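Pasted below: upload.txt, compact mmCIF, N, CA and C atoms and all ligand atoms.
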# COMPACT_ATOMS: atom_id res chain seq x y z
N MET A 30 87.70 108.41 89.33
CA MET A 30 89.04 108.88 88.99
C MET A 30 89.61 109.75 90.12
N SER A 31 88.81 110.66 90.67
CA SER A 31 89.31 111.50 91.76
C SER A 31 89.57 110.63 93.00
N HIS A 32 88.76 109.57 93.15
CA HIS A 32 88.97 108.65 94.28
C HIS A 32 90.34 108.01 94.17
N ASN A 33 90.67 107.58 92.95
CA ASN A 33 91.95 106.93 92.70
C ASN A 33 93.11 107.89 92.97
N ASN A 34 92.97 109.16 92.58
CA ASN A 34 94.02 110.15 92.84
C ASN A 34 94.24 110.33 94.34
N ASN A 35 93.13 110.36 95.10
CA ASN A 35 93.25 110.50 96.55
C ASN A 35 94.03 109.33 97.13
N LEU A 36 93.71 108.15 96.62
CA LEU A 36 94.36 106.93 97.09
C LEU A 36 95.86 107.03 96.84
N ASN A 37 96.23 107.52 95.65
CA ASN A 37 97.64 107.64 95.31
C ASN A 37 98.34 108.63 96.22
N ILE A 38 97.67 109.75 96.50
CA ILE A 38 98.29 110.77 97.33
C ILE A 38 98.50 110.26 98.75
N SER A 39 97.52 109.49 99.28
CA SER A 39 97.70 108.99 100.64
C SER A 39 98.79 107.92 100.68
N ASN A 40 98.90 107.14 99.59
CA ASN A 40 100.00 106.19 99.45
C ASN A 40 101.34 106.91 99.53
N LEU A 41 101.42 107.97 98.74
CA LEU A 41 102.63 108.75 98.62
C LEU A 41 102.97 109.37 99.97
N ARG A 42 101.95 109.89 100.65
CA ARG A 42 102.16 110.53 101.96
C ARG A 42 102.72 109.51 102.95
N HIS A 43 102.18 108.28 102.87
CA HIS A 43 102.65 107.21 103.74
C HIS A 43 104.15 106.98 103.53
N HIS A 44 104.58 106.95 102.28
CA HIS A 44 105.99 106.71 102.00
C HIS A 44 106.85 107.89 102.40
N VAL A 45 106.33 109.10 102.18
CA VAL A 45 107.10 110.29 102.57
C VAL A 45 107.26 110.32 104.09
N ASP A 46 106.21 109.94 104.84
CA ASP A 46 106.29 109.85 106.30
C ASP A 46 107.36 108.86 106.72
N ARG A 47 107.39 107.72 106.02
CA ARG A 47 108.39 106.70 106.33
C ARG A 47 109.81 107.21 106.06
N LEU A 48 109.97 107.93 104.95
CA LEU A 48 111.28 108.49 104.62
C LEU A 48 111.71 109.48 105.69
N GLN A 49 110.74 110.29 106.16
CA GLN A 49 111.03 111.26 107.22
C GLN A 49 111.48 110.54 108.48
N GLN A 50 110.77 109.46 108.83
CA GLN A 50 111.10 108.66 110.00
C GLN A 50 112.52 108.10 109.87
N MET A 51 112.85 107.63 108.65
CA MET A 51 114.17 107.04 108.44
C MET A 51 115.26 108.09 108.52
N LEU A 52 114.95 109.32 108.07
CA LEU A 52 115.92 110.41 108.18
C LEU A 52 116.21 110.71 109.65
N ASN A 53 115.16 110.67 110.48
CA ASN A 53 115.34 110.86 111.92
C ASN A 53 116.23 109.77 112.50
N ASP A 54 115.98 108.51 112.07
CA ASP A 54 116.80 107.39 112.52
C ASP A 54 118.26 107.59 112.12
N TRP A 55 118.45 108.08 110.88
CA TRP A 55 119.80 108.35 110.39
C TRP A 55 120.52 109.32 111.30
N GLU A 56 119.81 110.38 111.70
CA GLU A 56 120.44 111.39 112.55
C GLU A 56 120.85 110.80 113.88
N GLU A 57 119.96 109.96 114.46
CA GLU A 57 120.29 109.29 115.72
C GLU A 57 121.51 108.41 115.55
N LEU A 58 121.52 107.65 114.45
CA LEU A 58 122.63 106.73 114.15
C LEU A 58 123.92 107.53 113.99
N ASN A 59 123.82 108.67 113.32
CA ASN A 59 124.97 109.52 113.09
C ASN A 59 125.59 109.98 114.42
N GLU A 60 124.71 110.30 115.40
CA GLU A 60 125.19 110.70 116.72
C GLU A 60 125.95 109.56 117.38
N VAL A 61 125.39 108.34 117.24
CA VAL A 61 126.04 107.16 117.82
C VAL A 61 127.42 106.98 117.21
N ILE A 62 127.51 107.13 115.88
CA ILE A 62 128.78 106.94 115.18
C ILE A 62 129.79 108.01 115.61
N THR A 63 129.33 109.27 115.65
CA THR A 63 130.21 110.37 116.05
C THR A 63 130.76 110.13 117.45
N SER A 64 129.89 109.72 118.38
CA SER A 64 130.36 109.52 119.75
C SER A 64 131.24 108.28 119.86
N SER A 65 131.01 107.27 119.00
CA SER A 65 131.82 106.04 119.10
C SER A 65 133.21 106.22 118.51
N THR A 66 133.37 107.14 117.52
CA THR A 66 134.70 107.35 116.95
C THR A 66 135.56 108.21 117.88
N GLU A 67 134.93 108.90 118.85
CA GLU A 67 135.68 109.74 119.77
C GLU A 67 136.59 108.90 120.67
N ASP A 68 136.08 107.71 121.10
CA ASP A 68 136.95 106.86 121.93
C ASP A 68 137.47 105.66 121.13
N VAL A 69 137.87 105.95 119.87
CA VAL A 69 138.38 104.90 119.00
C VAL A 69 139.72 104.37 119.52
N SER A 70 140.42 105.19 120.36
CA SER A 70 141.73 104.78 120.89
C SER A 70 141.61 103.58 121.84
N ASN A 71 140.47 103.48 122.59
CA ASN A 71 140.30 102.31 123.46
C ASN A 71 139.44 101.24 122.78
N ALA A 72 139.55 101.13 121.45
CA ALA A 72 138.76 100.14 120.73
C ALA A 72 139.15 98.73 121.16
N ASP A 73 138.17 97.93 121.56
CA ASP A 73 138.42 96.52 121.87
C ASP A 73 137.43 95.67 121.06
N ASN A 74 137.41 94.39 121.30
CA ASN A 74 136.54 93.50 120.53
C ASN A 74 135.06 93.89 120.62
N ASP A 75 134.67 94.32 121.83
CA ASP A 75 133.26 94.70 122.04
C ASP A 75 132.85 95.85 121.13
N SER A 76 133.70 96.88 121.07
CA SER A 76 133.32 98.05 120.27
C SER A 76 133.45 97.75 118.77
N LEU A 77 134.33 96.80 118.42
CA LEU A 77 134.43 96.40 117.01
C LEU A 77 133.14 95.71 116.58
N LEU A 78 132.62 94.86 117.48
CA LEU A 78 131.35 94.19 117.21
C LEU A 78 130.25 95.22 117.06
N ASN A 79 130.29 96.22 117.93
CA ASN A 79 129.32 97.31 117.88
C ASN A 79 129.35 98.02 116.54
N ASP A 80 130.59 98.34 116.08
CA ASP A 80 130.74 99.03 114.80
C ASP A 80 130.17 98.19 113.66
N HIS A 81 130.41 96.86 113.76
CA HIS A 81 129.89 95.96 112.74
C HIS A 81 128.36 95.98 112.73
N GLN A 82 127.78 95.99 113.94
CA GLN A 82 126.31 96.03 114.04
C GLN A 82 125.76 97.34 113.49
N ILE A 83 126.47 98.42 113.80
CA ILE A 83 126.05 99.74 113.30
C ILE A 83 126.08 99.76 111.77
N LEU A 84 127.17 99.18 111.23
CA LEU A 84 127.34 99.13 109.77
C LEU A 84 126.19 98.34 109.13
N GLU A 85 125.84 97.20 109.76
CA GLU A 85 124.75 96.37 109.24
C GLU A 85 123.43 97.12 109.29
N ALA A 86 123.20 97.83 110.40
CA ALA A 86 121.97 98.61 110.56
C ALA A 86 121.89 99.70 109.50
N MET A 87 123.07 100.33 109.24
CA MET A 87 123.11 101.39 108.22
C MET A 87 122.81 100.84 106.84
N GLN A 88 123.39 99.66 106.55
CA GLN A 88 123.16 99.04 105.25
C GLN A 88 121.68 98.71 105.07
N GLY A 89 121.07 98.16 106.12
CA GLY A 89 119.65 97.82 106.09
C GLY A 89 118.80 99.06 105.86
N ALA A 90 119.14 100.13 106.60
CA ALA A 90 118.38 101.38 106.49
C ALA A 90 118.53 101.97 105.09
N CYS A 91 119.75 101.84 104.54
CA CYS A 91 120.04 102.38 103.21
C CYS A 91 119.23 101.63 102.14
N ASP A 92 119.17 100.29 102.26
CA ASP A 92 118.38 99.49 101.31
C ASP A 92 116.91 99.86 101.38
N GLU A 93 116.40 99.98 102.62
CA GLU A 93 115.00 100.34 102.83
C GLU A 93 114.72 101.72 102.24
N PHE A 94 115.68 102.63 102.48
CA PHE A 94 115.54 103.99 102.00
C PHE A 94 115.42 104.02 100.48
N SER A 95 116.29 103.28 99.77
CA SER A 95 116.25 103.32 98.31
C SER A 95 115.00 102.62 97.77
N ARG A 96 114.52 101.58 98.47
CA ARG A 96 113.26 100.93 98.05
C ARG A 96 112.10 101.90 98.18
N ASP A 97 112.06 102.63 99.30
CA ASP A 97 110.99 103.59 99.53
C ASP A 97 111.04 104.72 98.51
N LEU A 98 112.25 105.18 98.24
CA LEU A 98 112.42 106.28 97.29
C LEU A 98 111.93 105.84 95.91
N ARG A 99 112.22 104.58 95.56
CA ARG A 99 111.78 104.04 94.28
C ARG A 99 110.25 103.98 94.23
N THR A 100 109.64 103.54 95.33
CA THR A 100 108.18 103.46 95.39
C THR A 100 107.56 104.85 95.21
N VAL A 101 108.18 105.85 95.82
CA VAL A 101 107.68 107.22 95.67
C VAL A 101 107.77 107.65 94.20
N LYS A 102 108.92 107.35 93.56
CA LYS A 102 109.10 107.71 92.14
C LYS A 102 108.07 107.00 91.26
N ILE A 103 107.80 105.72 91.55
CA ILE A 103 106.81 104.97 90.77
C ILE A 103 105.43 105.58 90.96
N ASN A 104 105.10 105.93 92.21
CA ASN A 104 103.78 106.51 92.50
C ASN A 104 103.57 107.87 91.86
N MET A 105 104.68 108.53 91.50
CA MET A 105 104.55 109.84 90.87
C MET A 105 104.21 109.73 89.38
N LEU A 106 104.34 108.54 88.80
CA LEU A 106 103.96 108.36 87.39
C LEU A 106 102.44 108.41 87.29
N PRO A 107 101.91 109.05 86.24
CA PRO A 107 100.46 109.21 86.16
C PRO A 107 99.72 107.89 86.01
N SER A 108 98.56 107.79 86.69
CA SER A 108 97.72 106.61 86.55
C SER A 108 96.26 107.06 86.48
N ASN A 109 95.45 106.33 85.76
CA ASN A 109 94.02 106.61 85.76
C ASN A 109 93.20 105.39 85.37
N GLU A 110 91.89 105.52 85.56
CA GLU A 110 91.00 104.43 85.22
C GLU A 110 90.93 104.29 83.71
N TYR A 111 90.98 103.06 83.26
CA TYR A 111 90.86 102.82 81.82
C TYR A 111 89.41 102.99 81.40
N ASN A 112 89.22 103.71 80.30
CA ASN A 112 87.88 103.76 79.71
C ASN A 112 88.02 103.65 78.20
N ILE A 113 86.93 103.34 77.56
CA ILE A 113 86.94 102.99 76.14
C ILE A 113 87.43 104.14 75.26
N GLU A 114 87.20 105.41 75.71
CA GLU A 114 87.66 106.56 74.90
C GLU A 114 89.19 106.64 74.89
N MET A 115 89.82 106.13 75.96
CA MET A 115 91.28 106.18 76.06
C MET A 115 91.94 105.28 75.02
N SER A 116 91.23 104.23 74.63
CA SER A 116 91.86 103.20 73.81
C SER A 116 92.33 103.75 72.47
N ASN A 117 91.48 104.53 71.76
CA ASN A 117 91.87 105.13 70.46
C ASN A 117 92.46 104.12 69.49
N GLY A 118 92.19 102.86 69.74
CA GLY A 118 92.69 101.82 68.84
C GLY A 118 94.17 101.54 68.93
N ASP A 119 94.94 102.26 69.80
CA ASP A 119 96.38 101.97 69.83
C ASP A 119 96.75 100.81 70.75
N GLN A 120 96.97 101.09 72.00
CA GLN A 120 97.41 100.01 72.89
C GLN A 120 96.25 99.49 73.73
N LEU A 121 95.80 98.27 73.43
CA LEU A 121 94.59 97.73 74.05
C LEU A 121 94.87 96.72 75.15
N SER A 122 96.13 96.32 75.28
CA SER A 122 96.43 95.31 76.29
C SER A 122 97.73 95.61 77.02
N CYS A 123 97.90 94.94 78.13
CA CYS A 123 99.08 95.10 78.97
C CYS A 123 100.13 94.08 78.52
N ALA A 124 101.31 94.57 78.11
CA ALA A 124 102.35 93.68 77.58
C ALA A 124 102.97 92.80 78.65
N ILE A 125 102.73 93.12 79.92
CA ILE A 125 103.34 92.32 81.00
C ILE A 125 102.50 91.07 81.28
N CYS A 126 101.17 91.24 81.42
CA CYS A 126 100.32 90.08 81.74
C CYS A 126 99.56 89.58 80.51
N ILE A 127 99.71 90.28 79.37
CA ILE A 127 99.10 89.91 78.07
C ILE A 127 97.56 89.97 78.11
N ASN A 128 96.97 90.57 79.16
CA ASN A 128 95.51 90.69 79.21
C ASN A 128 95.07 92.03 78.63
N ASP A 129 93.89 92.03 78.00
CA ASP A 129 93.32 93.29 77.51
C ASP A 129 92.98 94.19 78.69
N PHE A 130 93.08 95.50 78.47
CA PHE A 130 92.62 96.44 79.49
C PHE A 130 91.11 96.40 79.55
N LEU A 131 90.58 96.38 80.77
CA LEU A 131 89.13 96.38 80.94
C LEU A 131 88.73 97.72 81.52
N SER A 132 87.52 98.14 81.20
CA SER A 132 86.98 99.37 81.74
C SER A 132 87.09 99.37 83.26
N LYS A 133 87.52 100.52 83.84
CA LYS A 133 87.67 100.73 85.29
C LYS A 133 88.97 100.16 85.88
N GLU A 134 89.74 99.43 85.09
CA GLU A 134 91.03 98.98 85.61
C GLU A 134 91.97 100.19 85.70
N ILE A 135 92.89 100.15 86.68
CA ILE A 135 93.80 101.28 86.85
C ILE A 135 95.05 101.04 86.00
N ILE A 136 95.30 102.02 85.12
CA ILE A 136 96.36 101.93 84.12
C ILE A 136 97.40 103.00 84.42
N ARG A 137 98.68 102.62 84.35
CA ARG A 137 99.73 103.62 84.49
C ARG A 137 100.35 103.90 83.13
N THR A 138 100.51 105.20 82.82
CA THR A 138 101.12 105.60 81.55
C THR A 138 102.54 106.08 81.80
N LEU A 139 103.49 105.47 81.14
CA LEU A 139 104.90 105.86 81.30
C LEU A 139 105.21 107.07 80.41
N PRO A 140 106.34 107.76 80.67
CA PRO A 140 106.69 108.93 79.85
C PRO A 140 106.77 108.61 78.35
N CYS A 141 107.05 107.35 77.98
CA CYS A 141 107.12 106.95 76.57
C CYS A 141 105.72 106.67 76.01
N ASN A 142 104.68 106.86 76.84
CA ASN A 142 103.26 106.67 76.46
C ASN A 142 102.83 105.21 76.40
N HIS A 143 103.69 104.28 76.80
CA HIS A 143 103.25 102.89 76.91
C HIS A 143 102.45 102.74 78.20
N ARG A 144 101.42 101.89 78.13
CA ARG A 144 100.51 101.73 79.27
C ARG A 144 100.49 100.30 79.78
N PHE A 145 100.35 100.18 81.10
CA PHE A 145 100.30 98.87 81.75
C PHE A 145 99.36 98.95 82.94
N HIS A 146 98.89 97.79 83.40
CA HIS A 146 98.16 97.77 84.67
C HIS A 146 99.09 98.30 85.76
N VAL A 147 98.54 99.05 86.70
CA VAL A 147 99.35 99.58 87.80
C VAL A 147 100.08 98.45 88.53
N GLU A 148 99.37 97.35 88.83
CA GLU A 148 100.00 96.25 89.59
C GLU A 148 101.15 95.64 88.80
N CYS A 149 100.94 95.49 87.48
CA CYS A 149 101.97 94.85 86.64
C CYS A 149 103.22 95.73 86.54
N ILE A 150 103.04 97.01 86.19
CA ILE A 150 104.21 97.86 85.96
C ILE A 150 104.90 98.23 87.27
N ASP A 151 104.13 98.39 88.36
CA ASP A 151 104.75 98.75 89.64
C ASP A 151 105.68 97.64 90.11
N LYS A 152 105.23 96.39 89.92
CA LYS A 152 106.05 95.24 90.31
C LYS A 152 107.33 95.21 89.45
N TRP A 153 107.17 95.43 88.14
CA TRP A 153 108.30 95.45 87.21
C TRP A 153 109.30 96.53 87.60
N LEU A 154 108.78 97.73 87.90
CA LEU A 154 109.66 98.87 88.18
C LEU A 154 110.37 98.78 89.53
N GLN A 155 109.90 97.86 90.40
CA GLN A 155 110.63 97.67 91.66
C GLN A 155 112.02 97.09 91.40
N SER A 156 112.18 96.33 90.30
CA SER A 156 113.50 95.76 90.02
C SER A 156 114.07 96.16 88.66
N ASN A 157 113.33 96.95 87.88
CA ASN A 157 113.82 97.44 86.59
C ASN A 157 113.56 98.95 86.51
N SER A 158 114.39 99.64 85.71
CA SER A 158 114.24 101.10 85.61
C SER A 158 113.77 101.55 84.24
N THR A 159 113.52 100.59 83.33
CA THR A 159 113.15 100.96 81.97
C THR A 159 111.79 100.37 81.58
N CYS A 160 111.18 100.94 80.55
CA CYS A 160 109.91 100.45 80.02
C CYS A 160 110.11 99.04 79.45
N PRO A 161 109.25 98.06 79.83
CA PRO A 161 109.43 96.70 79.32
C PRO A 161 109.19 96.58 77.81
N MET A 162 108.54 97.58 77.20
CA MET A 162 108.27 97.51 75.76
C MET A 162 109.35 98.16 74.92
N CYS A 163 109.77 99.39 75.28
CA CYS A 163 110.71 100.12 74.41
C CYS A 163 112.05 100.38 75.09
N ARG A 164 112.19 99.96 76.38
CA ARG A 164 113.44 100.13 77.13
C ARG A 164 113.80 101.59 77.40
N ALA A 165 112.86 102.51 77.21
CA ALA A 165 113.12 103.90 77.58
C ALA A 165 113.26 103.98 79.09
N ARG A 166 114.18 104.81 79.56
CA ARG A 166 114.40 104.92 80.99
C ARG A 166 113.22 105.62 81.66
N VAL A 167 112.71 104.99 82.72
CA VAL A 167 111.54 105.51 83.44
C VAL A 167 111.94 106.04 84.81
N ILE A 168 112.78 105.25 85.51
CA ILE A 168 113.22 105.64 86.86
C ILE A 168 114.66 106.13 86.76
N HIS A 169 114.87 107.38 87.18
CA HIS A 169 116.23 107.93 87.19
C HIS A 169 116.81 107.76 88.58
N GLU A 170 117.94 107.09 88.67
CA GLU A 170 118.53 106.78 89.99
C GLU A 170 119.10 108.05 90.61
ZN ZN B 201 98.89 93.66 83.23
ZN ZN B 202 107.82 102.40 76.43
What is this structure when it is put down as structure tokens?
Amino acid sequence: MSHNNNLNISNLRHHVDRLQQMLNDWEELNEVITSSTEDVSNADNDSLLNDHQILEAMQGACDEFSRDLRTVKINMLPSNEYNIEMSNGDQLSCAICINDFLSKEIIRTLPCNHRFHVECIDKWLQSNSTCPMCRARVIHE
């Protein structure tokens, strides 16, 4: 269990490093934009193309940024190894893949207390923000 926590923290650190890197890129991009609007009076086709490329780069960076931020939010949800004492007779299987939880599998528990395999729920939460069982909101935008 402590091994799994370490793994999660290093995952999280990796994403935080990436976010930091992207913030640095943003600042560089911001300088480019600031300097390019200064000579907006001599705008020609070349600089219009440049602005379009900058806009595309910004959109790409923005999409990447929100995906990374979502991954960080997902990784912050508690996860642990499944063991027989955890079962308590309530939720014994993952509603996403319909398989029973097996001992030592990594299970993520949502704030609504519904549980899923980490791989199953993480994939779901990349494109959904609510619990697949009760629709309670899990990821706040
Ligand atoms: Zn599953
Ligand atoms: Zn739920």
- Message: Using all atoms listed in the file, which residues have at least one atom no more than 7 Å from ligand ZN 201 (chain B)? Output them as a PyMOL selection string.
- Response: chain A and resi 122-128+145-150
Output N, CA and C atoms for every residue in that selection, as a PDB file, in the coordinates of the input.
ATOM      1  N   SER A 122      96.130  96.320  75.280  1.00  0.00           N
ATOM      2  CA  SER A 122      96.430  95.310  76.290  1.00  0.00           C
ATOM      3  C   SER A 122      97.730  95.610  77.020  1.00  0.00           C
ATOM      4  N   CYS A 123      97.900  94.940  78.130  1.00  0.00           N
ATOM      5  CA  CYS A 123      99.080  95.100  78.970  1.00  0.00           C
ATOM      6  C   CYS A 123     100.130  94.080  78.520  1.00  0.00           C
ATOM      7  N   ALA A 124     101.310  94.570  78.110  1.00  0.00           N
ATOM      8  CA  ALA A 124     102.350  93.680  77.580  1.00  0.00           C
ATOM      9  C   ALA A 124     102.970  92.800  78.650  1.00  0.00           C
ATOM     10  N   ILE A 125     102.730  93.120  79.920  1.00  0.00           N
ATOM     11  CA  ILE A 125     103.340  92.320  81.000  1.00  0.00           C
ATOM     12  C   ILE A 125     102.500  91.070  81.280  1.00  0.00           C
ATOM     13  N   CYS A 126     101.170  91.240  81.420  1.00  0.00           N
ATOM     14  CA  CYS A 126     100.320  90.080  81.740  1.00  0.00           C
ATOM     15  C   CYS A 126      99.560  89.580  80.510  1.00  0.00           C
ATOM     16  N   ILE A 127      99.710  90.280  79.370  1.00  0.00           N
ATOM     17  CA  ILE A 127      99.100  89.910  78.070  1.00  0.00           C
ATOM     18  C   ILE A 127      97.560  89.970  78.110  1.00  0.00           C
ATOM     19  N   ASN A 128      96.970  90.570  79.160  1.00  0.00           N
ATOM     20  CA  ASN A 128      95.510  90.690  79.210  1.00  0.00           C
ATOM     21  C   ASN A 128      95.070  92.030  78.630  1.00  0.00           C
ATOM     22  N   PHE A 145     100.350 100.180  81.100  1.00  0.00           N
ATOM     23  CA  PHE A 145     100.300  98.870  81.750  1.00  0.00           C
ATOM     24  C   PHE A 145      99.360  98.950  82.940  1.00  0.00           C
ATOM     25  N   HIS A 146      98.890  97.790  83.400  1.00  0.00           N
ATOM     26  CA  HIS A 146      98.160  97.770  84.670  1.00  0.00           C
ATOM     27  C   HIS A 146      99.090  98.300  85.760  1.00  0.00           C
ATOM     28  N   VAL A 147      98.540  99.050  86.700  1.00  0.00           N
ATOM     29  CA  VAL A 147      99.350  99.580  87.800  1.00  0.00           C
ATOM     30  C   VAL A 147     100.080  98.450  88.530  1.00  0.00           C
ATOM     31  N   GLU A 148      99.370  97.350  88.830  1.00  0.00           N
ATOM     32  CA  GLU A 148     100.000  96.250  89.590  1.00  0.00           C
ATOM     33  C   GLU A 148     101.150  95.640  88.800  1.00  0.00           C
ATOM     34  N   CYS A 149     100.940  95.490  87.480  1.00  0.00           N
ATOM     35  CA  CYS A 149     101.970  94.850  86.640  1.00  0.00           C
ATOM     36  C   CYS A 149     103.220  95.730  86.540  1.00  0.00           C
ATOM     37  N   ILE A 150     103.040  97.010  86.190  1.00  0.00           N
ATOM     38  CA  ILE A 150     104.210  97.860  85.960  1.00  0.00           C
ATOM     39  C   ILE A 150     104.900  98.230  87.270  1.00  0.00           C
TER      40      ILE A 150
END
Using only N, CA and C atoms and all ligand atoms, what table do you get, as JSON lines, when you list each residue of chain A with an atom no more than 8 Å from ligand ZN 202 (chain B), its nearest pair of atoms, and their distance in Å rounded to one decimal, rows by chain then rising number?
{"residue": "A:Leu139", "atom": "CA", "partner": "B:ZN202", "partner_atom": "ZN", "distance": 6.6}
{"residue": "A:Pro140", "atom": "C", "partner": "B:ZN202", "partner_atom": "ZN", "distance": 6.6}
{"residue": "A:Cys141", "atom": "CA", "partner": "B:ZN202", "partner_atom": "ZN", "distance": 4.6}
{"residue": "A:Asn142", "atom": "N", "partner": "B:ZN202", "partner_atom": "ZN", "distance": 5.5}
{"residue": "A:His143", "atom": "N", "partner": "B:ZN202", "partner_atom": "ZN", "distance": 4.6}
{"residue": "A:Arg144", "atom": "N", "partner": "B:ZN202", "partner_atom": "ZN", "distance": 6.6}
{"residue": "A:Thr159", "atom": "C", "partner": "B:ZN202", "partner_atom": "ZN", "distance": 6.8}
{"residue": "A:Cys160", "atom": "CA", "partner": "B:ZN202", "partner_atom": "ZN", "distance": 4.6}
{"residue": "A:Pro161", "atom": "N", "partner": "B:ZN202", "partner_atom": "ZN", "distance": 5.7}
{"residue": "A:Met162", "atom": "C", "partner": "B:ZN202", "partner_atom": "ZN", "distance": 4.8}
{"residue": "A:Cys163", "atom": "N", "partner": "B:ZN202", "partner_atom": "ZN", "distance": 3.8}
{"residue": "A:Arg164", "atom": "N", "partner": "B:ZN202", "partner_atom": "ZN", "distance": 5.0}
{"residue": "A:Ala165", "atom": "N", "partner": "B:ZN202", "partner_atom": "ZN", "distance": 5.1}
{"residue": "A:Arg166", "atom": "N", "partner": "B:ZN202", "partner_atom": "ZN", "distance": 7.5}
- Just how far from atom N of Thr138 in chain A is atom C of Pro107 in chain A, in Å to one decimal? 4.2 Å
- Query: Looking at A:Arg96, A:Gln155, A:Glu170, A:Arg137, which one is nearest to Leu48 in chain A, with distances taken over only C-alpha atoms?
  - Reply: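 With only C-alpha atoms as the atom set, the closest residue is A:Arg96.
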- Message: Based on the backbone DSSP call, show me all residues of range 71-162 of chain A assigned alpha helix (DSSP H), as a ChimeraX atom specification.
- Response: /A:74-104,113-116,147-156
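Computed from the coordinates, the CA of His169 in chain A to CA of Ile135 in chain A distance equals 23.4 Å.
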- Note on the structure: Students should find that atom N of Arg47 in chain A and CA of Gln88 in chain A are spaced 18.0 Å
- Query: What residues in chain A get the DSSP label strand (DSSP E)? Please answer as a list in words.
  - Reply: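 Listing strand (DSSP E) positions across chain A yields Ser108, Asn109, Glu110, Ile135, Ile136, Arg137, Thr138, Arg144, Phe145 and His146 of chain A.
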Restricting it to N, CA and C atoms, dump the selection as a compact mmCIF listing (two decimals), in the frame of the given file.
# COMPACT_ATOMS: atom_id res chain seq x y z
N SER A 108 98.56 107.79 86.69
CA SER A 108 97.72 106.61 86.55
C SER A 108 96.26 107.06 86.48
N ASN A 109 95.45 106.33 85.76
CA ASN A 109 94.02 106.61 85.76
C ASN A 109 93.20 105.39 85.37
N GLU A 110 91.89 105.52 85.56
CA GLU A 110 91.00 104.43 85.22
C GLU A 110 90.93 104.29 83.71
N ILE A 135 92.89 100.15 86.68
CA ILE A 135 93.80 101.28 86.85
C ILE A 135 95.05 101.04 86.00
N ILE A 136 95.30 102.02 85.12
CA ILE A 136 96.36 101.93 84.12
C ILE A 136 97.40 103.00 84.42
N ARG A 137 98.68 102.62 84.35
CA ARG A 137 99.73 103.62 84.49
C ARG A 137 100.35 103.90 83.13
N THR A 138 100.51 105.20 82.82
CA THR A 138 101.12 105.60 81.55
C THR A 138 102.54 106.08 81.80
N ARG A 144 101.42 101.89 78.13
CA ARG A 144 100.51 101.73 79.27
C ARG A 144 100.49 100.30 79.78
N PHE A 145 100.35 100.18 81.10
CA PHE A 145 100.30 98.87 81.75
C PHE A 145 99.36 98.95 82.94
N HIS A 146 98.89 97.79 83.40
CA HIS A 146 98.16 97.77 84.67
C HIS A 146 99.09 98.30 85.76
